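Trainee: Just dropping this structure here.
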Amino acid sequence: MARQSLDLVHGTVDVLILRTLAWGPMHGYGIRTFVRDRTSGAITIESAALYQALHRLEKKKLVRAWWGQSDTNRRAKYYELTAGGKRHSQSRLDTMREYVGALMRVLEAK
Amino acid sequence: MRRNRRYPDLPRDQQRVQADVDDEIHFDIDMRTRELVGQGVSADAARAQAVREFGNVEETRAYCASLDASAERAARRTAWIGDLREDVLLAWRGMRRAPAFAFVVLVTLAMGIGANTAIFSVVRRLLIDRLPYRAADELVRVYSGTGPRGGSDFLTPRELVDLAQAPSLAGVAAFGSLGGVTYYGEESTEMFSFAAVTPNFFGVLGARAQVGRAIGEQDVGPDARPVALISDAIWQRVFGGDPRVIGRPIQLGTVSRTVIGVMPPDFVSPTFTAEVWIPLDLRPFIADPVRSRINRAFRGIARVKSGVSLERVRSDGATISARWRDARPGSPDPIPPRVVPLRDAMVGDVGRALVAVMGAAVVVLVITCINIAGLFLARATARRRELAVRAALGAGRGRLIRQLLAESALYGIGGGALGIAVAFAAKNVLTVISAGLLPRFGEIHIDVALLATAASVSVLCGIAFGLFPALVATRVDLKDSLSESSRSSSAGASRTRGRQVLVTSQIALAMVLMIGAGLLLRSFAALVTTDLGYSSDDHVLTFRVEAPPSLPTNQTARNAFFADVLSRIHAVPGVKSAGFTNISPWNGPNSVRPRTVAGSADDVDAPSAAYITATEEYFAAAGTKILRGRSIRAEDRPSAAPVVLISDSLSRRLFPAGNAIGSQILFEGGEGSSLDQWREVIGVVADVREHAGGEPVPAVYVSDWQEDPWRRPEFVVRTTGNAAALVPALRRMLREVSPRSPLLFPRTLREVVHSFMAPQELAMTLFTVFATLALALAALGVYAVMAYIVTARTREFGIRSALGAGRASVMVLVLRQGMVATGVGSAAGLILAVGGARVIEGLIAGVSVHDWITFVAAPVVLLAVTLSACMIPARVAVNVQPVDALRAE
C-alpha cells in the first residue's frame, strides 16, 4: 500500500515533468518555474524530487539531456522528451485523468 | 539556449559525473537565489531560502550521481558495440574501395588456410589418428630380408614359425591375398577383395566381429568347414545388413563357404583392402620340408610384447636368421627380417609425401602471412595522412589501432571462410587423386576441430597482420604528416628496411619450395622415362578372367577354355595382340630359384627369379622385347617338351658365356609339381622392373599351357586405339562365353604404371602448385615494395632527372634495390634448400637431392620473375619528370 502511494507521488511528478517538457527542451529550474507559474503557485515541485525524477527519467531514456547555455549565459543541463518519453507521457496522462476523475467523483459526491 | 554538443558523447568518469550533478544543483540554487534577490530579499537570506526550498541536497547529489554512473556504464557498452559496427563498416567500405587489394588478400589467405586445413586433415587421419586395432602401437609388419628383389613383402612358412618363437613377440600371424575372389550371388556376380588369414590373425590385431565371430582355431584343420568372414561394407551392400546371413553358405570362387561373422565398419585389413577373410592353414606348408622353405607367399604381422623396444625385436630377428644359416651350411649369410611399425607400413611413401607436402603448405601459409603483413603495412603507410586527420579530430591511438585491427580481422575472417571452402574443395580433389593410394582407414573428413583451428588461425592472422602495421602507422607525428610538404625527398631508410626484410624472407622461402618442386619434377621425369621393360601407355589393357566354377579343374579343360577366350579377344575389332600370364611383372611376388645343369641343388649363388607364365603373344602385347631366340609357340603345349625364356640379367648370371639358348634349366624345390622338370631355354627377353624406381627383376617365362592350371590368369591386350574403350566390347564377348566369368580389374598399363608413382605424383603435383603459389606471392611482394619505394621517391627521381640523370641510371637505381632483396633472399633460400632437400629425399629417385640443374634453374626462374616484377615500378620511376617532383610538393 505504501509502495503504491509512493509510486503515485513519483508518478505525479514524472507526469508533470513529461507534460511540461512537451512544450520544449528546458533545464530543471525552468521546469520548476513553468509548473509553478502555470498553477499560479498552487503546485511547486520540490527541487530534490525534481532532479531525482529527471535523472531517473533520463536513465529510463524517457528524456535525454545535454549541456547548453542558459539565458543568463551559464552552463545548464537541458532536458527534452525522447520519442519513448512522448508515448509514455501520453499514457501517463490518460491514467492520471482517470485517477483524478475518480478522485473527484468521490470528493464531490453529494 | 544554445546547444554546445551532444551530452553523452564523451565517456565520463565517476568524478566528472558527480561534478556535473553538482553543477546542475548549483545552477538551480543560484537561479532561485537570483529570483529571490530580484524580489528584494537580501543575498544571504535568498541563498539560505533557496537551499532550504531545494530539499535534501546531499541525498539528491548521491542519488543522481549513482543513477548517472550506471547509465554511463550502460552507454559505454552500447558505444563499444556501436564503434565496432562502425569499424566493421569502415573496413567493409575500405575493402570495396580497393577491390584488387581485397581480392589479393582474400585469395592468398584462402589458399594458405584452405591448403593447410585440407592437407592437415589427411595427415591427421593417416599419421595421427588411432589405427583401428587394440594397442596398435605394439603391432609391426615383418618383411623378409631376402627375396628376388633383395627383400620381400613375403615370408616363408618356416620363417613365420621361427619368428613366432622370438621372445620379444607376443604373437605372429600371417596373411596372404590373391587380390580378389569372385562371388556368385543369386542376382549378381562380383568381385570381393579378400585375404586369407591365419587363425590367430584377429587375436593378434585385437579385433572382434560386430556380428557372429571372427576366424579362429576351429576354422582350420582337416575337419573344418570352409568359412568366410565379411566386411561391414559387403554386409550392407550385398546382404542388406541382414543378420540372418550368419550361417548361410555363399559361393566364393569354386568353394561354398559359410558366413561366420561381420567385421565392424571401421575395421580395415592392415596394408591392403579386404572385404572377405578366409582361414589360412599354414600346417600343410610347414609339414612339407621343401614348401616350407621356398614358398615365399605370406605376409607377416606381429604383436610386440608390451614395453619391448623395436631394437629387441630386430635383434631377435637377427638371432633367428643366424639359426637359418646354421641349418643350411654353405648358404649365404641370411639377411635378418625387417621389422616396421604397422602404421609406417600402412602409410608408407604416401606418409612421407604428405609430410613433405604439409611442410610446403605451411611454408606457403608463412609466405601468405608475410605477404599480407607487407601489404597491410604498405597500405597503412599510404594512409598515414588519413590516420593523422582522424587523430587530429580526436580519435585516440587505441581507437585507430582498433579500427585497423577490425579491418584486418575482417580480412582474416573472410579469408578463413573462403579457406574453409577451399579446404572442402581441396579435400574432394585429394580424395579423388588419392583414391586407391591412401590406406582407407576411415574416410578423410575435414573435422570440426580443424575447422575451428583454421578459423581461429585466420582470425589471429588477421589480428597479427593488423597489429604490426597498426603500431607503426599510428605512431604518427601529426605535424609531420599533415604538413603538405614533407622535408625528406626519399623514403625513410628505417621504414623501408622492415619491408625489405619481409620481402627477402618471402623470396628465401619461395626458393626452398621451388627447389623442392624442381627436384620432385626432375625425379618424376626420370621415373616416367625409366625403361620398365614393358609398355606404359594406354594402348595396353590388362584384366583378369576367372574360369567358371563349373569348369573341371584339369589342365585340358582349363587350357581349352582360355584358348577360346583368347581367340575371341583376337576377334574383337581394335585388338592387335593378346596374351595372358599367371601374374604379370607389375603384380608379381612368385619366385623360384632356377639353376643350370652345371649348378648343384645347394648352389649358394642361385638367384631367385620371378616365375611368370606366358602365351604366344604375351611379349608383343606387353611390349617386352625378345632379345634373342623366339617366343612361346602354339606347339609348346603340355605334350611338348617344356620351354622357358629368361630375362637378360638372369641369362648373364646363369650363362656368362652367352650360350643360354638351347641350354637346360631346372627350378629348385618344385619336387612333385610341374616346376620339377628340365626346360630348354628358347629365348632371352629384356629385363623388366616391377615399377619405376625399382631394380630390374630376374625373371623366367614359361609356357602357360604347360603349367599347373591357373584359374584366373591376367590378360594383356594391345589395341590400336585407347585400350580402355574396348572394355565394354570385351565384357559383352565374355558374357557370351560364360556368364559366370566376369572381366575383373580392367586397367591400362598407363594406369598401372602411374599407380606405382602415385605418391611421387601426388607430392610433385602439390609441391608444384605450392611452389608456383609461393613464387607468385613473392613476386607480388617484391612488386609491392618496389612500387611503394618508387612512389615514395618520386620527388627524388624528379630531382635526379632535373639534374640530368639518364633514364638508364634511374632504372639501374631502382632495379638494384629490388635485386638486392632478391639476391639475398635467393642465397638464403638456396642454403635452406640444401639442408631441406633431405626431407624429400625418400620421394626422390633417379636424381641427386642436390641435383645441380634444379639448383641452377630455380634461382634463374626466380630472378627472372622478380626482375619482371621490379620492371613495372622501375619503368614508372624512369618516366618521372622534374615537373612531377614539383607536383608532389
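Naming scheme: A, B, ... for chains in displayed order of the C-alpha cells; residues 1 onward per chain; ligands 1 onward as shown.
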For Met31 of chain B, list every protein, DNA or RNA residue within 12 Å, evaluated using only C-alpha atoms, and leave out those in the same chain fewer than 2 positions away; present the list as a PyMOL selection string.

Mentor: (chain A and resi 27-30+32-33+47+70-76) or (chain B and resi 24-29+33-38+46-47+49-51+54)

Trainee: Let's see if you can do this: from backbone DSSP, list all strand (DSSP E) residues in chain A, as a PyMOL selection string.

Mentor: chain A and resi 26-27+63-69+75-81

Trainee: Tell me the residues of chain A close to chain B, meaning within 8 Å using only C-alpha atoms, as a list in words.

Mentor: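 Taking only C-alpha atoms into account, Gly28, Tyr29, Glu46, Ser47, Ala48, Ala49, Tyr51, Gln52, His55, Arg56, Lys59, Ala65, Trp66, Trp67, Gly68, Gln69, Ser70, Asp71, Ala76 and Lys77 of chain A sit within 8 Å of chain B.
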
Trainee: Please provide the set of residues having any atom within 9 Å of Ile113 of chain B, restricted to only C-alpha atoms, with same-chain residues fewer than 2 positions apart removed, written as a compact mmCIF listing (two decimals) with C-alpha atoms, in the first residue's frame.

Mentor:
# COMPACT_ATOMS: atom_id res chain seq x y z
CA THR B 108 46.09 -15.63 -50.65
CA LEU B 109 44.58 -16.18 -47.22
CA ALA B 110 42.05 -18.65 -48.56
CA MET B 111 44.74 -20.62 -50.37
CA ALA B 115 45.52 -25.88 -48.37
CA ASN B 116 46.78 -26.29 -44.83
CA THR B 117 43.46 -27.46 -43.45
CA ALA B 118 42.95 -29.99 -46.22
CA ALA B 361 51.70 -25.93 -47.27
CA LEU B 365 50.98 -20.11 -45.17
CA GLY B 415 39.88 -15.35 -45.75
CA GLY B 416 39.11 -18.03 -43.18
CA LEU B 418 36.92 -18.79 -48.09
CA GLY B 419 39.72 -21.00 -46.80
CA ILE B 420 37.17 -23.42 -45.38
CA VAL B 422 38.92 -24.15 -50.37
CA ALA B 423 39.64 -26.85 -47.78
CA ALA B 454 41.62 -22.85 -39.27
CA ALA B 455 39.05 -20.25 -38.30
CA VAL B 457 44.27 -19.17 -37.13
CA SER B 458 42.67 -16.98 -39.75

Trainee: From a backbone DSSP assignment, name each residue in chain A labelled helix (DSSP H, G or I), as a short mmCIF file (atom, residue, chain, number, x, y, z; two decimals) with N, CA and C atoms, in the first residue's frame.

Mentor:
data_model
loop_
_atom_site.label_atom_id
_atom_site.label_comp_id
_atom_site.auth_asym_id
_atom_site.auth_seq_id
_atom_site.Cartn_x
_atom_site.Cartn_y
_atom_site.Cartn_z
N ALA A 2 1.90 1.19 0.88
CA ALA A 2 2.80 2.33 1.00
C ALA A 2 3.51 2.54 -0.33
N ARG A 3 3.90 1.42 -0.92
CA ARG A 3 4.66 1.49 -2.17
C ARG A 3 3.81 2.13 -3.27
N GLN A 4 2.53 1.75 -3.30
CA GLN A 4 1.66 2.27 -4.35
C GLN A 4 1.51 3.78 -4.23
N SER A 5 1.37 4.25 -2.96
CA SER A 5 1.17 5.69 -2.79
C SER A 5 2.44 6.44 -3.17
N LEU A 6 3.61 5.81 -2.88
CA LEU A 6 4.87 6.43 -3.27
C LEU A 6 4.94 6.53 -4.79
N ASP A 7 4.58 5.42 -5.46
CA ASP A 7 4.56 5.41 -6.92
C ASP A 7 3.66 6.52 -7.43
N LEU A 8 2.62 6.71 -6.71
CA LEU A 8 1.66 7.71 -7.13
C LEU A 8 2.32 9.09 -7.11
N VAL A 9 3.06 9.35 -5.99
CA VAL A 9 3.73 10.65 -5.87
C VAL A 9 4.78 10.79 -6.98
N HIS A 10 5.62 9.75 -7.08
CA HIS A 10 6.62 9.77 -8.16
C HIS A 10 5.95 9.96 -9.49
N GLY A 11 4.95 9.16 -9.68
CA GLY A 11 4.23 9.18 -10.95
C GLY A 11 3.70 10.56 -11.25
N THR A 12 3.21 11.23 -10.22
CA THR A 12 2.65 12.56 -10.41
C THR A 12 3.74 13.53 -10.84
N VAL A 13 4.87 13.47 -10.14
CA VAL A 13 5.97 14.36 -10.51
C VAL A 13 6.43 14.04 -11.93
N ASP A 14 6.57 12.73 -12.22
CA ASP A 14 7.03 12.32 -13.55
C ASP A 14 6.12 12.89 -14.63
N VAL A 15 4.82 12.70 -14.42
CA VAL A 15 3.90 13.11 -15.48
C VAL A 15 3.92 14.64 -15.63
N LEU A 16 4.09 15.32 -14.49
CA LEU A 16 4.21 16.79 -14.57
C LEU A 16 5.43 17.18 -15.41
N ILE A 17 6.56 16.51 -15.13
CA ILE A 17 7.80 16.83 -15.87
C ILE A 17 7.62 16.53 -17.34
N LEU A 18 7.12 15.35 -17.63
CA LEU A 18 7.00 14.92 -19.03
C LEU A 18 6.06 15.86 -19.79
N ARG A 19 4.93 16.19 -19.16
CA ARG A 19 3.97 17.09 -19.84
C ARG A 19 4.59 18.47 -20.05
N THR A 20 5.37 18.90 -19.08
CA THR A 20 6.00 20.22 -19.21
C THR A 20 7.00 20.22 -20.37
N LEU A 21 7.79 19.13 -20.43
CA LEU A 21 8.81 19.07 -21.48
C LEU A 21 8.17 18.96 -22.86
N GLY A 28 16.18 22.10 -15.47
CA GLY A 28 15.41 21.72 -14.30
C GLY A 28 14.70 22.91 -13.67
N TYR A 29 15.44 24.01 -13.49
CA TYR A 29 14.85 25.20 -12.87
C TYR A 29 13.70 25.72 -13.73
N GLY A 30 13.88 25.65 -15.06
CA GLY A 30 12.83 26.07 -15.99
C GLY A 30 11.57 25.27 -15.79
N ILE A 31 11.71 23.96 -15.60
CA ILE A 31 10.54 23.10 -15.41
C ILE A 31 9.79 23.53 -14.14
N ARG A 32 10.61 23.77 -13.09
CA ARG A 32 10.03 24.14 -11.80
C ARG A 32 9.21 25.44 -11.91
N THR A 33 9.82 26.45 -12.52
CA THR A 33 9.11 27.73 -12.62
C THR A 33 7.91 27.61 -13.53
N PHE A 34 8.03 26.80 -14.60
CA PHE A 34 6.91 26.61 -15.52
C PHE A 34 5.70 26.07 -14.78
N VAL A 35 5.94 25.02 -13.99
CA VAL A 35 4.82 24.38 -13.26
C VAL A 35 4.23 25.35 -12.24
N ARG A 36 5.16 26.05 -11.55
CA ARG A 36 4.69 26.98 -10.52
C ARG A 36 3.84 28.08 -11.14
N ASP A 37 4.35 28.64 -12.25
CA ASP A 37 3.65 29.75 -12.86
C ASP A 37 2.33 29.31 -13.48
N ARG A 38 2.33 28.13 -14.12
CA ARG A 38 1.10 27.67 -14.77
C ARG A 38 0.02 27.41 -13.73
N SER A 47 12.71 20.80 -5.45
CA SER A 47 13.86 20.59 -6.33
C SER A 47 14.46 19.20 -6.19
N ALA A 48 14.63 18.75 -4.95
CA ALA A 48 15.23 17.44 -4.73
C ALA A 48 14.46 16.37 -5.49
N ALA A 49 13.14 16.41 -5.36
CA ALA A 49 12.32 15.41 -6.04
C ALA A 49 12.42 15.59 -7.56
N LEU A 50 12.45 16.85 -7.99
CA LEU A 50 12.50 17.14 -9.42
C LEU A 50 13.76 16.54 -10.07
N TYR A 51 14.92 16.81 -9.45
CA TYR A 51 16.17 16.35 -10.08
C TYR A 51 16.31 14.84 -10.02
N GLN A 52 15.86 14.28 -8.87
CA GLN A 52 15.92 12.82 -8.80
C GLN A 52 15.04 12.21 -9.89
N ALA A 53 13.87 12.82 -10.10
CA ALA A 53 12.96 12.30 -11.13
C ALA A 53 13.57 12.48 -12.52
N LEU A 54 14.18 13.64 -12.74
CA LEU A 54 14.78 13.90 -14.05
C LEU A 54 15.87 12.87 -14.38
N HIS A 55 16.73 12.59 -13.40
CA HIS A 55 17.82 11.64 -13.65
C HIS A 55 17.28 10.23 -13.85
N ARG A 56 16.18 9.95 -13.08
CA ARG A 56 15.55 8.64 -13.26
C ARG A 56 14.97 8.52 -14.68
N LEU A 57 14.29 9.56 -15.10
CA LEU A 57 13.68 9.54 -16.44
C LEU A 57 14.76 9.47 -17.53
N GLU A 58 15.89 10.13 -17.24
CA GLU A 58 16.97 10.10 -18.22
C GLU A 58 17.51 8.68 -18.37
N LYS A 59 17.65 8.03 -17.20
CA LYS A 59 18.20 6.67 -17.28
C LYS A 59 17.23 5.74 -18.00
N ALA A 83 11.35 10.11 -28.06
CA ALA A 83 10.13 9.55 -28.68
C ALA A 83 9.42 8.67 -27.67
N GLY A 84 10.20 7.86 -26.95
CA GLY A 84 9.62 6.99 -25.93
C GLY A 84 8.96 7.81 -24.83
N GLY A 85 9.61 8.93 -24.47
CA GLY A 85 9.07 9.81 -23.44
C GLY A 85 7.72 10.38 -23.84
N LYS A 86 7.60 10.73 -25.11
CA LYS A 86 6.33 11.29 -25.60
C LYS A 86 5.21 10.27 -25.45
N ARG A 87 5.49 9.05 -25.89
CA ARG A 87 4.47 7.99 -25.80
C ARG A 87 4.10 7.77 -24.34
N HIS A 88 5.15 7.69 -23.50
CA HIS A 88 4.92 7.40 -22.09
C HIS A 88 4.09 8.51 -21.44
N SER A 89 4.39 9.76 -21.77
CA SER A 89 3.68 10.88 -21.12
C SER A 89 2.20 10.85 -21.51
N GLN A 90 1.93 10.44 -22.76
CA GLN A 90 0.54 10.36 -23.19
C GLN A 90 -0.22 9.31 -22.38
N SER A 91 0.41 8.16 -22.21
CA SER A 91 -0.31 7.09 -21.50
C SER A 91 -0.44 7.43 -20.01
N ARG A 92 0.61 8.10 -19.46
CA ARG A 92 0.53 8.50 -18.05
C ARG A 92 -0.56 9.56 -17.87
N LEU A 93 -0.69 10.41 -18.87
CA LEU A 93 -1.71 11.45 -18.81
C LEU A 93 -3.10 10.83 -18.74
N ASP A 94 -3.33 9.81 -19.58
CA ASP A 94 -4.64 9.13 -19.56
C ASP A 94 -4.92 8.51 -18.20
N THR A 95 -3.90 7.83 -17.66
CA THR A 95 -4.06 7.21 -16.34
C THR A 95 -4.39 8.27 -15.30
N MET A 96 -3.64 9.37 -15.38
CA MET A 96 -3.80 10.45 -14.40
C MET A 96 -5.21 11.05 -14.48
N ARG A 97 -5.68 11.22 -15.73
CA ARG A 97 -7.03 11.76 -15.92
C ARG A 97 -8.06 10.88 -15.24
N GLU A 98 -7.93 9.59 -15.50
CA GLU A 98 -8.86 8.63 -14.92
C GLU A 98 -8.83 8.73 -13.40
N TYR A 99 -7.60 8.81 -12.87
CA TYR A 99 -7.39 8.82 -11.44
C TYR A 99 -8.01 10.06 -10.82
N VAL A 100 -7.70 11.18 -11.46
CA VAL A 100 -8.22 12.44 -10.91
C VAL A 100 -9.74 12.47 -11.02
N GLY A 101 -10.26 11.97 -12.14
CA GLY A 101 -11.72 11.90 -12.32
C GLY A 101 -12.35 11.07 -11.21
N ALA A 102 -11.75 9.92 -10.95
CA ALA A 102 -12.28 9.04 -9.92
C ALA A 102 -12.22 9.72 -8.56
N LEU A 103 -11.08 10.38 -8.32
CA LEU A 103 -10.87 11.06 -7.06
C LEU A 103 -11.94 12.14 -6.87
N MET A 104 -12.20 12.88 -7.96
CA MET A 104 -13.15 13.98 -7.89
C MET A 104 -14.57 13.47 -7.64
N ARG A 105 -14.84 12.31 -8.31
CA ARG A 105 -16.19 11.76 -8.11
C ARG A 105 -16.42 11.41 -6.64
N VAL A 106 -15.38 10.96 -5.99
CA VAL A 106 -15.50 10.62 -4.57
C VAL A 106 -15.64 11.90 -3.74
N LEU A 107 -14.72 12.85 -4.05
CA LEU A 107 -14.69 14.05 -3.23
C LEU A 107 -15.94 14.90 -3.41
#

Trainee: Determine the nearest neighbour of Arg750 of chain B from the options B:Ala508, B:Leu541, B:Ile515, B:Val161, counting only C-alpha atoms.

Mentor: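 Once distances to Arg750 of chain B are computed over only C-alpha atoms, the minimum belongs to B:Leu541.
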
Trainee: Do you know which residues are at most 10 Å from Val572 of chain B counting only C-alpha atoms, after dropping those on the same chain fewer than 2 positions away, and could you put them as a list in words?

Mentor: Ser567, Arg568, Ile569, His570, Gly574, Val575, Lys576, Thr719, Leu726, Ala729, Leu730 and Met733 of chain B

Trainee: So that I have them on file, write out the residues from the current selection with N, CA and C atoms, as a PDB file, in the first residue's frame.

Mentor:
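The resulting file, result-v7.pdb, is shown below:
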ATOM      1  N   SER B 567      41.050 -66.515 -78.368  1.00  0.00           N
ATOM      2  CA  SER B 567      40.747 -66.371 -79.792  1.00  0.00           C
ATOM      3  C   SER B 567      39.594 -65.388 -79.993  1.00  0.00           C
ATOM      4  N   ARG B 568      38.650 -65.371 -79.054  1.00  0.00           N
ATOM      5  CA  ARG B 568      37.552 -64.408 -79.174  1.00  0.00           C
ATOM      6  C   ARG B 568      38.037 -62.971 -78.942  1.00  0.00           C
ATOM      7  N   ILE B 569      39.025 -62.823 -78.043  1.00  0.00           N
ATOM      8  CA  ILE B 569      39.600 -61.480 -77.828  1.00  0.00           C
ATOM      9  C   ILE B 569      40.235 -60.995 -79.131  1.00  0.00           C
ATOM     10  N   HIS B 570      40.951 -61.914 -79.806  1.00  0.00           N
ATOM     11  CA  HIS B 570      41.567 -61.550 -81.077  1.00  0.00           C
ATOM     12  C   HIS B 570      40.545 -61.064 -82.088  1.00  0.00           C
ATOM     13  N   GLY B 574      39.972 -53.852 -83.190  1.00  0.00           N
ATOM     14  CA  GLY B 574      40.860 -52.949 -82.471  1.00  0.00           C
ATOM     15  C   GLY B 574      41.946 -53.673 -81.707  1.00  0.00           C
ATOM     16  N   VAL B 575      41.836 -54.997 -81.579  1.00  0.00           N
ATOM     17  CA  VAL B 575      42.855 -55.748 -80.843  1.00  0.00           C
ATOM     18  C   VAL B 575      44.013 -56.093 -81.776  1.00  0.00           C
ATOM     19  N   LYS B 576      45.239 -55.742 -81.381  1.00  0.00           N
ATOM     20  CA  LYS B 576      46.405 -56.059 -82.205  1.00  0.00           C
ATOM     21  C   LYS B 576      47.033 -57.372 -81.773  1.00  0.00           C
ATOM     22  N   THR B 719      46.040 -52.758 -78.192  1.00  0.00           N
ATOM     23  CA  THR B 719      44.998 -52.326 -79.116  1.00  0.00           C
ATOM     24  C   THR B 719      45.539 -51.216 -80.012  1.00  0.00           C
ATOM     25  N   LEU B 726      37.835 -50.397 -75.173  1.00  0.00           N
ATOM     26  CA  LEU B 726      37.464 -51.752 -75.594  1.00  0.00           C
ATOM     27  C   LEU B 726      36.779 -52.562 -74.489  1.00  0.00           C
ATOM     28  N   ALA B 729      33.161 -53.882 -75.077  1.00  0.00           N
ATOM     29  CA  ALA B 729      33.107 -54.950 -76.089  1.00  0.00           C
ATOM     30  C   ALA B 729      33.639 -56.258 -75.522  1.00  0.00           C
ATOM     31  N   LEU B 730      34.720 -56.172 -74.742  1.00  0.00           N
ATOM     32  CA  LEU B 730      35.293 -57.372 -74.143  1.00  0.00           C
ATOM     33  C   LEU B 730      34.330 -57.993 -73.135  1.00  0.00           C
ATOM     34  N   MET B 733      31.662 -59.835 -74.987  1.00  0.00           N
ATOM     35  CA  MET B 733      32.206 -61.071 -75.534  1.00  0.00           C
ATOM     36  C   MET B 733      32.289 -62.139 -74.435  1.00  0.00           C
TER      37      MET B 733
END
